[in-house]
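Trainee: Dropping in protein08.cif, with mmCIF, C-alpha atoms.
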data_start
loop_
_atom_site.label_atom_id
_atom_site.label_comp_id
_atom_site.auth_asym_id
_atom_site.auth_seq_id
_atom_site.Cartn_x
_atom_site.Cartn_y
_atom_site.Cartn_z
CA MET A 12 -11.24 -36.19 -22.90
CA SER A 13 -9.37 -33.19 -24.25
CA ASN A 14 -6.80 -31.53 -21.99
CA GLU A 15 -7.04 -28.34 -24.00
CA ARG A 16 -7.83 -25.34 -21.86
CA GLN A 17 -11.31 -23.94 -22.36
CA ASP A 18 -12.28 -20.29 -22.50
CA PRO A 19 -14.17 -19.02 -19.46
CA GLN A 20 -17.91 -18.72 -19.57
CA ALA A 21 -19.46 -15.90 -21.54
CA VAL A 22 -18.52 -12.36 -20.57
CA ASP A 23 -20.75 -10.95 -17.86
CA ASN A 24 -22.37 -8.05 -19.68
CA GLU A 25 -23.24 -6.30 -16.44
CA LEU A 26 -19.62 -6.30 -15.32
CA ALA A 27 -18.40 -5.46 -18.80
CA ALA A 28 -20.53 -2.32 -18.78
CA MET A 29 -19.09 -1.07 -15.49
CA ARG A 30 -16.69 1.79 -16.12
CA VAL A 31 -16.04 5.35 -15.02
CA GLY A 32 -15.61 8.00 -17.65
CA TYR A 33 -12.77 10.26 -16.57
CA PRO A 34 -13.07 13.90 -17.63
CA GLN A 35 -10.67 15.57 -20.02
CA ALA A 36 -8.35 18.03 -18.30
CA GLY A 37 -9.73 21.56 -18.46
CA SER A 38 -13.23 20.47 -19.46
CA GLU A 39 -16.32 22.04 -17.93
CA SER A 40 -17.26 18.71 -16.36
CA GLU A 41 -14.13 18.68 -14.22
CA SER A 42 -14.84 19.88 -10.69
CA VAL A 43 -11.64 19.05 -8.80
CA GLU A 44 -9.12 21.70 -7.84
CA ASP A 45 -6.67 23.00 -10.42
CA ARG A 46 -3.75 21.05 -9.04
CA MET A 47 -5.76 17.84 -9.30
CA SER A 48 -6.74 18.47 -12.92
CA ALA A 49 -3.31 19.67 -14.08
CA GLU A 50 -1.74 17.28 -16.56
CA LEU A 51 0.76 14.85 -15.12
CA ASP A 52 4.15 15.22 -16.81
CA THR A 53 7.61 13.70 -16.45
CA SER A 54 9.03 17.07 -15.38
CA VAL A 55 7.21 16.75 -12.04
CA VAL A 56 9.20 13.67 -10.99
CA GLU A 57 12.52 14.16 -12.77
CA THR A 58 14.32 14.68 -9.48
CA GLY A 59 12.41 12.13 -7.42
CA TRP A 60 9.07 10.69 -6.44
CA LEU A 61 8.57 11.93 -2.88
CA PRO A 62 7.27 15.52 -3.33
CA LEU A 63 4.48 14.50 -5.72
CA MET A 64 3.64 11.45 -3.60
CA ARG A 65 3.27 13.65 -0.53
CA GLN A 66 1.12 16.14 -2.43
CA TRP A 67 -1.18 13.43 -3.78
CA LEU A 68 -1.58 11.99 -0.30
CA VAL A 69 -2.50 15.44 1.04
CA ASP A 70 -5.00 15.82 -1.80
CA ALA A 71 -6.54 12.44 -0.91
CA VAL A 72 -6.91 13.48 2.73
CA GLU A 73 -8.48 16.82 1.79
CA ALA A 74 -10.87 15.03 -0.58
CA ASP A 75 -11.99 12.70 2.24
CA ALA A 76 -10.81 9.64 0.36
CA PRO A 77 -11.43 6.54 2.52
CA GLU A 78 -8.28 5.21 4.20
CA PRO A 79 -6.01 7.56 2.19
CA ASN A 80 -2.85 5.85 3.47
CA ALA A 81 -4.04 2.35 2.54
CA MET A 82 -1.97 0.45 0.00
CA THR A 83 -2.23 -2.95 -1.64
CA LEU A 84 0.98 -4.77 -0.77
CA SER A 85 2.06 -7.58 -3.09
CA THR A 86 4.66 -10.20 -2.21
CA VAL A 87 5.79 -13.57 -3.58
CA ASP A 88 5.19 -16.77 -1.61
CA ASP A 89 7.38 -19.85 -1.31
CA GLY A 90 5.94 -21.27 -4.52
CA GLY A 91 6.72 -18.14 -6.52
CA HIS A 92 3.07 -17.08 -6.60
CA PRO A 93 1.94 -13.50 -5.98
CA ALA A 94 0.00 -12.66 -2.83
CA SER A 95 -1.72 -9.32 -2.13
CA ARG A 96 -3.39 -7.66 0.83
CA THR A 97 -4.17 -4.13 2.00
CA VAL A 98 -2.00 -2.55 4.70
CA LEU A 99 -1.57 0.99 6.02
CA CYS A 100 1.43 3.12 5.12
CA LYS A 101 2.88 4.62 8.31
CA GLY A 102 5.83 6.53 6.90
CA LEU A 103 6.99 8.30 3.73
CA SER A 104 10.54 9.55 3.38
CA GLU A 105 13.43 9.66 0.93
CA ASP A 106 14.27 6.19 2.25
CA GLY A 107 10.91 4.78 1.17
CA VAL A 108 7.50 3.54 2.25
CA LEU A 109 7.06 2.18 5.77
CA PHE A 110 4.50 -0.21 7.24
CA PHE A 111 4.31 -2.41 10.37
CA THR A 112 3.37 -6.02 10.88
CA ASN A 113 3.86 -9.21 12.86
CA TYR A 114 7.09 -10.73 11.57
CA GLY A 115 5.41 -14.13 11.65
CA SER A 116 2.70 -13.03 9.21
CA ASP A 117 2.51 -14.34 5.66
CA LYS A 118 3.70 -11.05 4.17
CA ALA A 119 6.69 -10.79 6.50
CA ARG A 120 7.69 -14.39 5.86
CA HIS A 121 7.38 -13.85 2.10
CA LEU A 122 9.57 -10.76 2.31
CA ALA A 123 12.16 -12.54 4.45
CA ALA A 124 12.58 -15.08 1.64
CA HIS A 125 12.03 -12.70 -1.30
CA PRO A 126 12.80 -9.13 -0.13
CA TYR A 127 11.04 -7.27 -2.94
CA ALA A 128 7.54 -5.81 -2.89
CA SER A 129 5.03 -3.76 -4.86
CA ALA A 130 2.67 -1.33 -3.12
CA ASN A 131 -0.30 0.24 -4.90
CA PHE A 132 -1.97 3.36 -3.47
CA THR A 133 -5.38 3.86 -5.10
CA TRP A 134 -7.54 6.97 -4.70
CA LEU A 135 -10.56 6.26 -6.90
CA THR A 136 -12.37 9.49 -6.08
CA LEU A 137 -9.41 11.42 -7.51
CA ALA A 138 -8.78 9.04 -10.43
CA ARG A 139 -5.23 8.52 -9.21
CA GLN A 140 -2.96 5.70 -8.22
CA VAL A 141 0.71 5.30 -7.36
CA ILE A 142 2.69 2.05 -7.65
CA VAL A 143 5.88 1.75 -5.61
CA ARG A 144 8.23 -1.17 -6.28
CA GLY A 145 11.50 -1.96 -4.56
CA THR A 146 13.58 -3.96 -2.13
CA THR A 147 12.48 -4.40 1.47
CA GLU A 148 14.18 -4.48 4.86
CA ARG A 149 13.21 -4.54 8.51
CA VAL A 150 13.67 -1.29 10.41
CA SER A 151 15.41 -0.73 13.74
CA ALA A 152 13.84 -1.55 17.10
CA GLN A 153 14.09 2.16 17.95
CA LEU A 154 11.99 3.22 14.97
CA THR A 155 9.47 0.49 15.74
CA GLN A 156 9.26 1.71 19.34
CA GLU A 157 8.63 5.29 18.19
CA TYR A 158 5.70 4.17 16.09
CA TRP A 159 4.40 1.73 18.72
CA ARG A 160 3.92 4.60 21.17
CA THR A 161 1.49 6.25 18.72
CA ARG A 162 -0.79 3.20 18.46
CA PRO A 163 -4.08 3.17 20.39
CA ARG A 164 -4.03 0.85 23.39
CA GLY A 165 -6.57 -1.45 21.75
CA SER A 166 -4.32 -1.85 18.70
CA GLN A 167 -1.37 -2.61 20.95
CA LEU A 168 -3.37 -5.32 22.72
CA GLY A 169 -4.51 -6.72 19.38
CA ALA A 170 -0.90 -7.06 18.20
CA TRP A 171 -0.16 -9.18 21.27
CA ALA A 172 -3.36 -11.22 21.02
CA SER A 173 -3.07 -12.29 17.39
CA SER A 174 -0.57 -14.76 15.95
CA GLN A 175 -1.08 -13.19 12.56
CA SER A 176 -1.81 -15.49 9.60
CA ARG A 177 -1.95 -18.64 11.76
CA PRO A 178 -5.15 -20.72 11.86
CA ILE A 179 -7.57 -20.49 14.81
CA ASP A 180 -10.66 -22.57 15.51
CA SER A 181 -13.19 -19.80 16.07
CA ARG A 182 -13.85 -16.11 16.57
CA ALA A 183 -14.63 -16.92 20.19
CA ASP A 184 -11.10 -18.27 20.63
CA LEU A 185 -9.66 -15.10 19.11
CA ASP A 186 -11.74 -12.91 21.43
CA GLU A 187 -10.60 -14.99 24.39
CA GLN A 188 -6.96 -14.41 23.45
CA LEU A 189 -7.62 -10.66 23.49
CA ARG A 190 -9.28 -10.87 26.92
CA GLU A 191 -6.31 -12.79 28.29
CA VAL A 192 -3.85 -10.21 26.97
CA ALA A 193 -5.94 -7.32 28.35
CA ALA A 194 -6.02 -8.97 31.76
CA ARG A 195 -2.25 -9.55 31.68
CA PHE A 196 -1.41 -5.88 31.05
CA GLY A 197 -4.23 -4.42 33.14
CA VAL A 198 -5.99 -1.13 32.60
CA ASP A 199 -3.06 1.25 32.90
CA GLY A 200 0.03 -0.90 32.55
CA GLU A 201 2.48 0.00 29.80
CA ILE A 202 2.34 -2.39 26.87
CA PRO A 203 5.74 -3.18 25.31
CA VAL A 204 6.37 -3.93 21.65
CA PRO A 205 5.81 -7.63 20.97
CA PRO A 206 9.13 -9.41 20.36
CA ASN A 207 8.20 -10.51 16.83
CA TRP A 208 6.61 -7.30 15.58
CA GLY A 209 8.01 -4.29 13.76
CA GLY A 210 8.41 -2.17 10.69
CA ILE A 211 9.28 -3.03 7.12
CA LEU A 212 10.61 -0.43 4.68
CA ILE A 213 10.15 -0.58 0.92
CA ARG A 214 13.09 1.20 -0.73
CA PRO A 215 11.70 2.37 -4.07
CA GLU A 216 13.47 1.44 -7.28
CA SER A 217 10.57 2.62 -9.42
CA VAL A 218 7.46 4.69 -8.71
CA GLU A 219 4.64 5.06 -11.23
CA PHE A 220 2.03 7.83 -11.05
CA TRP A 221 -1.27 7.19 -12.85
CA GLN A 222 -3.91 9.81 -13.61
CA GLY A 223 -7.27 8.92 -15.16
CA ARG A 224 -8.20 10.67 -18.39
CA ALA A 225 -11.04 10.56 -20.93
CA ASN A 226 -11.32 7.71 -23.45
CA ARG A 227 -8.91 5.60 -21.40
CA MET A 228 -6.05 7.82 -22.57
CA HIS A 229 -4.67 7.97 -19.05
CA ASN A 230 -1.47 9.68 -17.99
CA ARG A 231 1.25 7.33 -16.76
CA VAL A 232 4.61 8.61 -15.60
CA ARG A 233 7.24 6.33 -14.11
CA THR A 234 10.43 7.43 -12.39
CA SER A 235 13.16 4.85 -11.80
CA LEU A 236 16.42 4.87 -9.90
CA VAL A 237 19.31 4.44 -12.33
CA ASP A 238 22.90 4.66 -11.05
CA GLY A 239 21.72 6.63 -8.04
CA GLN A 240 19.69 9.14 -10.07
CA TRP A 241 15.96 9.31 -10.75
CA SER A 242 14.97 9.11 -14.41
CA ALA A 243 11.37 9.71 -15.58
CA VAL A 244 9.54 8.43 -18.66
CA ARG A 245 5.96 8.70 -19.91
CA LEU A 246 4.20 5.40 -20.56
CA GLN A 247 1.31 4.74 -22.90
CA PRO A 248 -1.93 3.84 -21.09
#
How would this structure read if it were set down as structure tokens?
Mentor:
Amino acid sequence: MSNERQDPQAVDNELAAMRVGYPQAGSESESVEDRMSAELDTSVVETGWLPLMRQWLVDAVEADAPEPNAMTLSTVDDGGHPASRTVLCKGLSEDGVLFFTNYGSDKARHLAAHPYASANFTWLTLARQVIVRGTTERVSAQLTQEYWRTRPRGSQLGAWASSQSRPIDSRADLDEQLREVAARFGVDGEIPVPPNWGGILIRPESVEFWQGRANRMHNRVRTSLVDGQWSAVRLQP
């Protein structure tokens, strides 16, 4: 028997035909606001990524994009294999992109061993995406506490009830863990931050802005941190 790798089965024509045709900037078919249709250029991010990132996030909120602060977080596991999942961004600053998690979760364990991540924000309705790549670090207990106070009570209880990423026999067992936690803290009792839970900051080393354009001639602009300064280049699609 041959060990030679075989091509996959025939291309699925239905999937192959799925594509969105992005409008050309300034065309009559374009209906988004002027700032959304303006051509993306390196000059916009020559001095840094944050102002444009904030503006695009505002645009996504105003356009009613679903979960506008959602991002696909990619890490590397113990075997050197990539792992991705969607999390919610809870902070944007010059320091970077902030999210929160159980420190016993797969993603936190991956980042403890390999402290580098990629986060992809995708706003399909606006034909935009942003890819942030950089080193990661855990934030202070004080910053975690500040965010914890903003979480709904149900989310606080859920953080206590779930040993994130660990196996469990059934959904019924998971629900029972939540009931036990709710009973422990009562109806009005203050819920503290779990001891193994907190924030992780991605400190950007490169940020790429992508803007969909007609004929797959998309705009790609990447700004990278070089010797403490941001430097922008245009990439071919």
Trainee: Let me know the residues the PyMOL selection byres ((chain A and resi 113-130) around 10) catches in the file above, as a ChimeraX atom specification.
Mentor: /A:81-89,91,93-98,100,108,111-112,131-133,141-149,170-171,173-177,205-215,217-218
Trainee: Evaluate the PyMOL selection byres ((chain A and resi 246) around 8) here and jot the selected residues down as a PyMOL selection string.
Mentor: chain A and resi 230-233+244-245+247-248
Trainee: I'd like the interatomic distance between atom CA of Asp180 of chain A and atom CA of Arg164 of chain A, to a tenth of an Å.
Mentor: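 Going from atom CA of Asp180 of chain A over to atom CA of Arg164 of chain A, I get 25.6 Å.
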Trainee: Mind telling me what the PyMOL selection byres ((chain A and resi 69-77) around 10) catches here, as a list in words?
Mentor: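 After applying the PyMOL selection byres ((chain A and resi 69-77) around 10), what remains is Val43, Glu44, Arg46, Met47, Leu63, Met64, Arg65, Gln66, Trp67, Leu68, Glu78, Pro79, Asn80, Ala81, Thr133, Trp134, Leu135, Thr136, Leu137 and Arg139 of chain A.
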Trainee: Would you save the residues from that selection as a CSV table (one decimal), keeping the file's coordinate frame, using C-alpha atoms?
Mentor:
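Just written: out_7.csv:
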chain,number,residue,atom,x,y,z
A,43,VAL,CA,-11.6,19.0,-8.8
A,44,GLU,CA,-9.1,21.7,-7.8
A,46,ARG,CA,-3.8,21.0,-9.0
A,47,MET,CA,-5.8,17.8,-9.3
A,63,LEU,CA,4.5,14.5,-5.7
A,64,MET,CA,3.6,11.4,-3.6
A,65,ARG,CA,3.3,13.6,-0.5
A,66,GLN,CA,1.1,16.1,-2.4
A,67,TRP,CA,-1.2,13.4,-3.8
A,68,LEU,CA,-1.6,12.0,-0.3
A,78,GLU,CA,-8.3,5.2,4.2
A,79,PRO,CA,-6.0,7.6,2.2
A,80,ASN,CA,-2.8,5.8,3.5
A,81,ALA,CA,-4.0,2.4,2.5
A,133,THR,CA,-5.4,3.9,-5.1
A,134,TRP,CA,-7.5,7.0,-4.7
A,135,LEU,CA,-10.6,6.3,-6.9
A,136,THR,CA,-12.4,9.5,-6.1
A,137,LEU,CA,-9.4,11.4,-7.5
A,139,ARG,CA,-5.2,8.5,-9.2
Trainee: Could you check which of A:Ser242, A:Asn226, A:Leu109, A:His92 is closest to Ser151 of chain A, using only C-alpha atoms?
Mentor: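 When distances to Ser151 of chain A are compared using only C-alpha atoms, the smallest one comes from A:Leu109.
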Trainee: Please provide the set of residues having any atom within 10 Å of Arg190 of chain A, restricted to only C-alpha atoms, with same-chain residues fewer than 5 positions apart removed, written as a list in words.
Mentor: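 Final neighbour list, sorted by chain and number: Leu168, Gly169, Ala172, Asp184, Leu185 and Arg195 of chain A.
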Trainee: Go ahead and compute the interatomic distance for atom CA of Phe220 of chain A and atom CA of Val55 of chain A, in Å to one decimal.
Mentor: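 So the answer is 10.4 Å.
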Trainee: Show me as a compact mmCIF listing (two decimals) with C-alpha atoms, keeping the file's coordinate frame the residues that reach within 12 Å of (-4.3, -2.7, 30.0), counting all atoms listed in the file and using the file's own coordinates.
Mentor:
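See out29.txt below for the written result:
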# COMPACT_ATOMS: atom_id res chain seq x y z
CA PRO A 163 -4.08 3.17 20.39
CA ARG A 164 -4.03 0.85 23.39
CA GLY A 165 -6.57 -1.45 21.75
CA SER A 166 -4.32 -1.85 18.70
CA GLN A 167 -1.37 -2.61 20.95
CA LEU A 168 -3.37 -5.32 22.72
CA GLY A 169 -4.51 -6.72 19.38
CA TRP A 171 -0.16 -9.18 21.27
CA LEU A 189 -7.62 -10.66 23.49
CA ARG A 190 -9.28 -10.87 26.92
CA GLU A 191 -6.31 -12.79 28.29
CA VAL A 192 -3.85 -10.21 26.97
CA ALA A 193 -5.94 -7.32 28.35
CA ALA A 194 -6.02 -8.97 31.76
CA ARG A 195 -2.25 -9.55 31.68
CA PHE A 196 -1.41 -5.88 31.05
CA GLY A 197 -4.23 -4.42 33.14
CA VAL A 198 -5.99 -1.13 32.60
CA ASP A 199 -3.06 1.25 32.90
CA GLY A 200 0.03 -0.90 32.55
CA GLU A 201 2.48 0.00 29.80
CA ILE A 202 2.34 -2.39 26.87
CA PRO A 203 5.74 -3.18 25.31
Trainee: Give me, please, the distance in Å between atom CA of Ser104 of chain A and atom CA of Leu61 of chain A, quoted to one decimal.
Mentor: 7.0 Å
Trainee: My list of candidates is A:Ala225, A:Leu51, A:Gly59, A:Val31. Which is closest to Gly239 of chain A when distances are computed with all atoms listed in the file?
Mentor: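 Looking at the shortest contact to Gly239 of chain A, the residue is A:Gly59.
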Trainee: Draw an axis-aligned box over all listed atoms of segment 101-110 of chain A, pad each side with 5 Å, and write its centre and edge lengths in Å, one decimal, as AutoDock Vina command-line options.
Mentor:
--center_x 8.6 --center_y 4.7 --center_z 4.6 --size_x 21.4 --size_y 19.9 --size_z 17.4
Trainee: Restricting the calculation to only C-alpha atoms, which member of A:Arg30, A:Lys101, A:His229, A:Arg182 is positioned closest to Tyr158 of chain A?
Mentor: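 Answer, going by the shortest atom-to-atom distance: A:Lys101.
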